[in-house]
Amino acid sequence: MKESKIPVAVLGATGSVGQRFVELLANHPWFEVVELCASDRSAGKKYKDAVNWIMATPIPPQFENMIVKKCETGLMARVLFSGLDSSVAGDIEKMYAEDGCIVISNARNHRFDKDVPLIIPEINYEHLELIKFQKYKGAIVTNPNCSTIGMALALKPLMDNFGIETVNVTTLQAISGAGYPGLSGLDIMDNVVPYIGGEEEKMETEPLKIFGKLKDDSIEYADIKISAQCNRVAVLDGHTENIQIKLKTKAEPKDIIEAWNNFRSAPQELNLPSAPEKPIVYLEQANYPQPRIHRNLGGGMSISVGRLRECSLFDYKFVALSHNTIRGAAGGTILIAELMKAKGYFDEL
């Protein structure tokens, strides 16, 4: 007998991340979107009338006439994907978790709660055990900032094989990361904006929790020094990161490339629907990776890495690229939910 799909809801469904959730979940083999929730001004309207759709594909037809609901308790779905803006996400997500829902969030509000896991499925899936210590009837699980995800995935095989002492990163981040309407054309055209509020702090602190060790009911943070400088550039999708690293043990370039190419983890072993066959794709060409060409590798779930070379200040430097609204937002959050289902967490809560 065919297993029935798990009913899910999307919170913040009219926003840019919410729209990406809707697009990616439209034909998902495990999850079926049964409710779309948004602000009071959108509630009561048909989705097609409430949303300013900015995805490259049309609104999936099954959602066009679905009535948008307020973010209130009493939903049919127990598993909720949150694309809510951080200005409102904290209290709403907590409300649903207290009501018994499993909230898997793209928002930043609960990322550093002691008992809330901050998950990149290929890196720290064991941190999901933290939800057993939460006081909610349900649970809250978060994914990291979009720029953190690309960098952390590139660092993970190097952490495992050689250890990392210090990281310096400069980002060139896509305008879609600012949401919609985002930046004015007068701000970004013919320009680079060398400031993204809170971004550098996130990149410097989130990896410490992600790479930390699970100790009973909390995470012992990793001992890595990270310095970040973040810039907004006139690219639609895809965050490019210039990364310098100091390793704990010596490694040859071929060893590093081999570590990237051979990297696999739980999502690949479990054959999760959204998991890319290769989480990291190393590109040999000297002028790669490039956002327009490589952001959609692995359905937007793979990160691409290139330009590995020795560094006169650190040990090595390289370039990493990730799709910020797929792997870095909605797609990465959906992958967390797939992992939770495969590992039985939905059944335990």
# chains A, B, ... in the order shown; residues from 1 in each chain; ligands from 1

$ residues_around --residues "Cys146 in chain A" --least-positions-apart "2" --cutoff "10 Å" --atoms "only C-alpha atoms" --output "list in words"
Asn106, Asn143, Pro144, Thr148, Ile149, Gly150, Met151, Gln173, Gly177, Glu199, Lys202, Met203, Gly238, His239, Ser322, His323, Asn324, Thr325, Ile326, Arg327, Gly328, Ala329, Ala330 and Gly332 of chain A

$ residues_around --residues "Ile140 in chain A" --least-positions-apart "5" --cutoff "9 Å" --atoms "only C-alpha atoms" --output "ChimeraX atom specification"
/A:93-94,96-97,101-105,110,115-117,131,134

$ write_last_selection --atoms "all heavy atoms" --output "short mmCIF file (atom, residue, chain, number, x, y, z; two decimals), in the first residue's frame"
data_model
loop_
_atom_site.label_atom_id
_atom_site.label_comp_id
_atom_site.auth_asym_id
_atom_site.auth_seq_id
_atom_site.Cartn_x
_atom_site.Cartn_y
_atom_site.Cartn_z
N GLU A 93 6.39 31.12 16.09
CA GLU A 93 6.95 29.77 16.10
C GLU A 93 6.84 29.14 17.48
O GLU A 93 6.52 27.95 17.62
CB GLU A 93 8.40 29.82 15.63
CG GLU A 93 8.53 30.18 14.16
CD GLU A 93 9.96 30.39 13.71
OE1 GLU A 93 10.88 30.30 14.55
OE2 GLU A 93 10.17 30.64 12.51
N LYS A 94 7.07 29.91 18.51
CA LYS A 94 6.95 29.40 19.87
C LYS A 94 5.51 29.01 20.17
O LYS A 94 5.24 27.97 20.80
CB LYS A 94 7.42 30.47 20.87
CG LYS A 94 7.41 30.01 22.32
CD LYS A 94 7.94 31.10 23.24
CE LYS A 94 7.89 30.66 24.69
NZ LYS A 94 8.38 31.74 25.61
N TYR A 96 3.24 27.92 18.08
CA TYR A 96 2.92 26.65 17.42
C TYR A 96 3.60 25.47 18.11
O TYR A 96 3.02 24.39 18.25
CB TYR A 96 3.31 26.71 15.95
CG TYR A 96 2.30 27.43 15.09
CD1 TYR A 96 2.66 28.57 14.37
CD2 TYR A 96 1.00 26.96 14.97
CE1 TYR A 96 1.74 29.22 13.57
CE2 TYR A 96 0.07 27.62 14.17
CZ TYR A 96 0.45 28.74 13.47
OH TYR A 96 -0.48 29.38 12.68
N ALA A 97 4.86 25.65 18.54
CA ALA A 97 5.56 24.57 19.23
C ALA A 97 4.87 24.22 20.54
O ALA A 97 4.75 23.05 20.90
CB ALA A 97 7.02 24.96 19.47
N CYS A 101 2.98 21.53 17.54
CA CYS A 101 3.47 21.46 16.17
C CYS A 101 4.99 21.33 16.12
O CYS A 101 5.70 21.74 17.05
CB CYS A 101 3.05 22.71 15.39
SG CYS A 101 1.27 22.86 15.15
N ILE A 102 5.47 20.76 15.03
CA ILE A 102 6.91 20.68 14.76
C ILE A 102 7.24 21.78 13.77
O ILE A 102 6.83 21.72 12.60
CB ILE A 102 7.29 19.30 14.19
CG1 ILE A 102 6.90 18.20 15.17
CG2 ILE A 102 8.78 19.24 13.88
CD1 ILE A 102 6.96 16.81 14.59
N VAL A 103 7.92 22.80 14.24
CA VAL A 103 8.25 23.97 13.43
C VAL A 103 9.69 23.85 12.94
O VAL A 103 10.62 23.75 13.75
CB VAL A 103 8.08 25.28 14.24
CG1 VAL A 103 8.40 26.48 13.36
CG2 VAL A 103 6.68 25.38 14.81
N ILE A 104 9.86 23.85 11.63
CA ILE A 104 11.20 23.80 11.04
C ILE A 104 11.40 25.13 10.35
O ILE A 104 10.73 25.46 9.37
CB ILE A 104 11.35 22.61 10.07
CG1 ILE A 104 10.90 21.33 10.77
CG2 ILE A 104 12.79 22.47 9.60
CD1 ILE A 104 10.76 20.14 9.87
N SER A 105 12.31 25.93 10.90
CA SER A 105 12.31 27.36 10.62
C SER A 105 13.54 27.84 9.86
O SER A 105 14.66 27.42 10.13
CB SER A 105 12.21 28.14 11.93
OG SER A 105 12.32 29.54 11.68
N HIS A 110 15.27 31.69 16.89
CA HIS A 110 15.53 30.65 17.89
C HIS A 110 16.84 29.89 17.66
O HIS A 110 17.08 28.88 18.33
CB HIS A 110 14.36 29.66 17.91
CG HIS A 110 13.07 30.26 18.38
ND1 HIS A 110 12.85 30.59 19.71
CD2 HIS A 110 11.96 30.63 17.70
CE1 HIS A 110 11.64 31.12 19.83
NE2 HIS A 110 11.08 31.16 18.63
N ASP A 115 18.31 24.81 23.65
CA ASP A 115 17.76 23.49 23.35
C ASP A 115 17.25 23.38 21.91
O ASP A 115 16.56 22.41 21.56
CB ASP A 115 16.64 23.14 24.33
CG ASP A 115 15.54 24.19 24.38
OD1 ASP A 115 15.60 25.17 23.59
OD2 ASP A 115 14.62 24.06 25.21
N VAL A 116 17.55 24.35 21.07
CA VAL A 116 17.10 24.33 19.67
C VAL A 116 18.27 23.98 18.76
O VAL A 116 19.28 24.69 18.74
CB VAL A 116 16.48 25.68 19.26
CG1 VAL A 116 16.21 25.71 17.75
CG2 VAL A 116 15.20 25.93 20.04
N PRO A 117 18.17 22.90 18.00
CA PRO A 117 19.26 22.54 17.09
C PRO A 117 19.33 23.47 15.89
O PRO A 117 18.30 23.91 15.37
CB PRO A 117 18.92 21.11 16.66
CG PRO A 117 17.45 20.98 16.87
CD PRO A 117 17.09 21.90 18.00
N ILE A 131 16.02 18.27 20.60
CA ILE A 131 14.58 18.52 20.72
C ILE A 131 13.95 17.68 21.82
O ILE A 131 12.87 18.02 22.33
CB ILE A 131 13.86 18.28 19.37
CG1 ILE A 131 13.98 16.84 18.90
CG2 ILE A 131 14.37 19.24 18.32
CD1 ILE A 131 13.24 16.57 17.60
N GLN A 134 13.50 19.91 24.82
CA GLN A 134 12.65 21.09 24.75
C GLN A 134 11.40 20.91 25.61
O GLN A 134 10.91 19.80 25.78
CB GLN A 134 12.26 21.38 23.29
CG GLN A 134 13.45 21.80 22.44
CD GLN A 134 13.07 22.13 21.00
OE1 GLN A 134 11.88 22.19 20.65
NE2 GLN A 134 14.07 22.33 20.16
#

$ residues_around --residues "range 59-75 of chain A" --least-positions-apart "3" --cutoff "9 Å" --atoms "only C-alpha atoms" --output "mmCIF file with C-alpha atoms, in the first residue's frame"
data_model
loop_
_atom_site.group_PDB
_atom_site.id
_atom_site.type_symbol
_atom_site.label_atom_id
_atom_site.label_comp_id
_atom_site.auth_asym_id
_atom_site.auth_seq_id
_atom_site.Cartn_x
_atom_site.Cartn_y
_atom_site.Cartn_z
ATOM 1 C CA ALA A 9 1.797 24.039 6.265
ATOM 2 C CA LEU A 11 4.131 29.993 7.419
ATOM 3 C CA GLY A 12 4.895 33.277 5.720
ATOM 4 C CA ALA A 13 3.749 31.741 2.444
ATOM 5 C CA THR A 14 3.506 35.033 0.537
ATOM 6 C CA GLN A 19 7.176 31.179 -2.192
ATOM 7 C CA VAL A 22 5.581 26.428 -2.077
ATOM 8 C CA GLU A 23 7.505 25.855 -5.307
ATOM 9 C CA ALA A 26 4.441 21.330 -4.893
ATOM 10 C CA VAL A 33 0.989 21.323 1.633
ATOM 11 C CA VAL A 34 -2.536 21.578 3.034
ATOM 12 C CA GLU A 35 -2.377 25.104 4.491
ATOM 13 C CA LEU A 36 -0.755 28.408 3.589
ATOM 14 C CA CYS A 37 -0.448 30.992 6.360
ATOM 15 C CA ALA A 38 0.572 34.637 6.227
ATOM 16 C CA SER A 39 -0.139 38.054 7.712
ATOM 17 C CA ASP A 40 -3.578 39.381 8.569
ATOM 18 C CA ARG A 41 -3.636 41.476 5.381
ATOM 19 C CA SER A 42 -3.259 38.344 3.251
ATOM 20 C CA ALA A 43 -5.547 36.081 5.289
ATOM 21 C CA GLY A 44 -8.897 35.273 3.705
ATOM 22 C CA LYS A 45 -7.659 35.841 0.159
ATOM 23 C CA LYS A 46 -6.943 33.264 -2.495
ATOM 24 C CA TYR A 47 -3.215 32.621 -2.643
ATOM 25 C CA LYS A 48 -2.974 33.909 -6.224
ATOM 26 C CA ASP A 49 -4.531 37.210 -5.097
ATOM 27 C CA ALA A 50 -2.508 37.544 -1.891
ATOM 28 C CA TRP A 53 4.732 35.775 -7.122
ATOM 29 C CA MET A 55 9.562 32.723 -8.735
ATOM 30 C CA ARG A 78 1.400 19.387 12.479
ATOM 31 C CA ILE A 92 4.580 32.752 16.319
ATOM 32 C CA MET A 95 3.137 29.515 19.904
ATOM 33 C CA TYR A 96 2.918 26.649 17.423
ATOM 34 C CA ASP A 99 0.530 23.844 20.666
#

$ closest_residue --among "A:Thr249, A:Asn262, A:Ser312, A:Ser4" --to "Phe162 in chain A" --atoms "only C-alpha atoms"
A:Thr249

$ closest_residue --among "A:Pro207, A:Gly15, A:Gly306, A:Pro279" --to "Arg264 in chain A" --atoms "only C-alpha atoms"
A:Pro279

$ select_by_dssp --residues "range 4-161 of chain A" --states "strand (DSSP E)" --output "list of chain:residue names"
A:Ile6, A:Pro7, A:Val8, A:Ala9, A:Val10, A:Leu11, A:Phe31, A:Glu32, A:Val33, A:Val34, A:Glu35, A:Leu36, A:Cys37, A:Ala38, A:Lys69, A:Lys70, A:Val79, A:Leu80, A:Phe81, A:Ser82, A:Ile102, A:Val103, A:Ile104, A:Ser105, A:Ala139, A:Ile140, A:Val141, A:Thr142

$ closest_residue --among "A:Phe211, A:Val233, A:Ala107, A:Val51" --to "Asp91 in chain A" --atoms "only C-alpha atoms"
A:Ala107

$ atom_distance --atom1 "CA of Gln244 in chain A" --atom2 "CA of Ile336 in chain A"
28.3 Å

$ atom_distance --atom1 "CA of Leu24 in chain A" --atom2 "CA of Ala275 in chain A"
12.8 Å

$ closest_residue --among "A:Val10, A:Glu284, A:Glu32, A:Val79" --to "Met340 in chain A" --atoms "only C-alpha atoms"
A:Val79

$ atom_distance --atom1 "CA of Leu118 in chain A" --atom2 "CA of Ile210 in chain A"
6.2 Å

$ closest_residue --among "A:Val235, A:Ala152, A:Ile245, A:Val192" --to "Lys317 in chain A" --atoms "only C-alpha atoms"
A:Ile245

$ closest_residue --among "A:Met76, A:Val281, A:Leu313, A:Arg232" --to "Met301 in chain A" --atoms "only C-alpha atoms"
A:Val281
